[in-house]
Amino acid sequence: MGSRGQRLVLGCCLLLAFAWGLVLSHVPRGQREQQEQEGTQKPPPLMDHAERDEDKHEKYSTSLGEELPASQCFRCCDPGTPVYQGIPVPQINITILKGEKGDRGDRGLQGKYGKTGSVGARGHIGPKGQKGSMGAPGDRCKNYYAAFSVGRKKPLHSNDYYQTVVFDTEFVNLYGHFNMFTGRFYCYVPGIYFFSLNVHTWNQKETYLHIMRNAEEVVILYAQVSDRSIMQSQSLMLELQEQDEVWVRLFKGERENAIFSDEFDTYITFSGYLVKHAAEP
């Protein structure tokens, strides 16, 4: 039991002692002494049954001229009934029984989530907002560019598999969209492009190439076997999407397939440029 409980028990004991003192103060002094003497006197000796009946008869048989004993009872409705002073009820101050405020308890566990309610009705349309501030001025004309032109100074012969024509000379490579290592043009600006391929054929050899878009053969550049070497070209326009690839592939055939070039002159070229951006009307 803590200090708080000890203080509460002590307060209750003091209130009970105070109330018992009030009760004893309203009992007459002579009556208290008589009660104390009766409590100390020894009980009377036992009498036989006949004597008790006789005394009882004499005690309650009274003549007409005799007065009633002092210990006679009275009814409340009889006139002249003595009025006894009532004992006041002791008042207890409840405020002194109130203890100090206790410490705050631990927080309980979180309850379960309730069921999801139904979707409410759509509210009314709110008022129109204020007009926003003017934005920064834009460009008058925003142009998009993409262009490349590359060449090859080494001849190329076909093998038992298809070969990608890789170029070693860079004439124009705007923004580096043409990868010289892989020999492919990567589309970063979608739109319509124009492409052109020029090669020099080889004497007594077949010339057979494709212009590729991703893994698809788009157009062919072909020259039959001849005693003379000639310049051969192919051109086209393609609509490209972003991340499309355009490149040149040497075909694998039954006959020997080759293109001619040397270290002094460039006989093989591949070029392309953007004609119209996809976002333009």
# chains A, B, ... in the order shown; residues from 1 in each chain; ligands from 1
call {"tool": "closest_atom_pairs", "arguments": {"of": "region 132-196 of chain A", "to": "region 243-252 of chain A", "cutoff": "6 Å", "atoms": "only C-alpha atoms", "output": "CSV"}}
result
residue,atom,partner,partner_atom,distance
A:Tyr161,CA,A:Lys252,CA,5.8
A:Tyr162,CA,A:Lys252,CA,5.4
A:Gln163,CA,A:Leu250,CA,5.1
A:Thr164,CA,A:Arg249,CA,4.6
A:Val165,CA,A:Val248,CA,5.6
A:Arg184,CA,A:Trp247,CA,4.8
A:Phe185,CA,A:Val246,CA,5.2
A:Tyr186,CA,A:Glu245,CA,4.8
A:Cys187,CA,A:Gln243,CA,5.2
call {"tool": "residues_around", "arguments": {"residues": "region 223-230 of chain A", "least_positions_apart": "3", "cutoff": "7 Å", "atoms": "only C-alpha atoms", "output": "PyMOL selection string"}}
result
chain A and resi 200-208
call {"tool": "closest_atom_pairs", "arguments": {"of": "region 92-185 of chain A", "to": "region 268-275 of chain A", "cutoff": "9 Å", "atoms": "only C-alpha atoms", "output": "Markdown table"}}
result
| residue | atom | partner | partner_atom | distance |
| --- | --- | --- | --- | --- |
| A:Tyr144 | CA | A:Leu274 | CA | 8.2 |
| A:Tyr145 | CA | A:Leu274 | CA | 6.3 |
| A:Ala146 | CA | A:Leu274 | CA | 5.2 |
| A:Ala147 | CA | A:Tyr273 | CA | 4.0 |
| A:Phe148 | CA | A:Gly272 | CA | 5.5 |
| A:Ser149 | CA | A:Ser271 | CA | 4.1 |
| A:Val150 | CA | A:Phe270 | CA | 5.5 |
| A:Gly151 | CA | A:Thr269 | CA | 4.2 |
| A:Arg152 | CA | A:Ile268 | CA | 5.2 |
| A:Lys153 | CA | A:Ile268 | CA | 7.1 |
| A:Lys154 | CA | A:Ile268 | CA | 8.7 |
| A:Pro155 | CA | A:Ile268 | CA | 8.9 |
| A:Phe167 | CA | A:Thr269 | CA | 8.3 |
| A:Thr169 | CA | A:Thr269 | CA | 9.0 |
| A:Val172 | CA | A:Ser271 | CA | 8.7 |
| A:Phe185 | CA | A:Gly272 | CA | 8.7 |
call {"tool": "closest_residue", "arguments": {"among": "A:Phe18, A:Ala278, A:Met212, A:Phe178", "to": "Pro90 (chain A)", "atoms": "only C-alpha atoms"}}
result
A:Phe18
